[in-house]
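Undergrad: Okay, handing you the structure first.
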Amino acid sequence: MYTVVGVRFKKAGKIYYFDPDDIPLQKGDNVIVETARGIEFGEVVVGPKEVKEEEIVLPLKKVIRKATAKDQQKVEENMEKAKKASEICLEKIKKHGLEMKLVDVEYTFDNNKIIFYFTADGRVDFRELVKDLASVFRTRIELRQIGVRDEAKMIGGLGPCGRALCCKTFLGDFDPVSIRMAKKQNLTLNPCKISGLCGRLMCCLRFECDMYEGVKEELPHAGSKVITDEGAEEVENVNSVKEDILVKFDEDEIKELAAEEDDETEKQKQKD
């Protein structure tokens, strides 16, 4: 077993495990760690815990130290510098006539590298742009092409539901989403209805699918018979969200009933 802490470098970023190295840490602490990109500033989002060897990638890098107020100030300064770098990069992109959209700019904590994130329809020859940027900033420059889902995660916004995007607020990773998940939730298969701001299938189709499947297992299927106070009746439709059913009593009467089992109503499911 290994003692680890989970660290995030962005609000809804991926969680990486580090060795706390006997430093007393708890959830919410800011720390300085060494990563593949260099020295970075992050937040402990998973307090010290024991994990098995197969749950981590060895060797674990150690937490260097707790972050100080001076470190926090440096992060804020880097964010201001990134805004200015973004303006300069936009000018250079226009100068070189490149078909690319700048999405975000990020300084590493130690200022050893500036990362420019962009989207483009195809491959972009940005060699001259890199040389131009390196001559201005006098440090290592990395241009990283990202996909539309990553772009939405960085920029943020409101989804069709009216809430802030899931990827921006709490999703650390993008899980595969399929049209089959929309079918299981009885959604209209209209691309405009089931697509997010990124133009891809909405992430909520994935993490809400298990809930729908669980509820459907407990409810009778459409077309099956249920026993009510008035006898055996046919289920017309099932509402998984409200967890109730529409029961057809005769040709002109359809009633909405709670699907909970009690002394008065007994569900009788039939196999498909």
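Residue names in the structure tokens use chain letters A, B, ... in the order shown, residue numbers from 1 in each chain, and ligand numbers from 1 in the order shown.
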Listing only residues of range 78-155 of chain A within 10 Å of range 15-38 of chain A, what is the closest atom pair and its distance in Å (to one decimal) for each, using only C-alpha atoms, sorted by chain and residue number ascending, as a Markdown table?
TA:
| residue | atom | partner | partner_atom | distance |
| --- | --- | --- | --- | --- |
| A:Thr108 | CA | A:Gly38 | CA | 7.3 |
| A:Phe109 | CA | A:Gly38 | CA | 7.9 |
| A:Asp110 | CA | A:Gly38 | CA | 7.2 |
| A:Asn111 | CA | A:Gly38 | CA | 9.2 |
| A:Asn112 | CA | A:Gly38 | CA | 7.7 |
| A:Lys113 | CA | A:Arg37 | CA | 8.2 |
Undergrad: Using DSSP secondary structure from the backbone, list all strand (DSSP E or B) positions within range 63-115 of chain A, as number ranges by chain.
TA: A: 63-66, 101-107, 113-115
Undergrad: Looking at A:Gln145, A:Ser195, A:Thr68, A:Thr139, which one is nearest to Val103 in chain A, with distances taken over only C-alpha atoms?
TA: A:Gln145
Undergrad: Measuring atom to atom with only C-alpha atoms, identify which of A:Met100, A:Ile179, A:Ala67, A:Val105 is nearest to Lys81 in chain A.
TA: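 The answer is A:Val105, which sits nearest to Lys81 in chain A.
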Undergrad: Please, what distance in Å, to one decimal, runs between CA of Lys14 in chain A and CA of Met1 in chain A?
TA: 22.2 Å
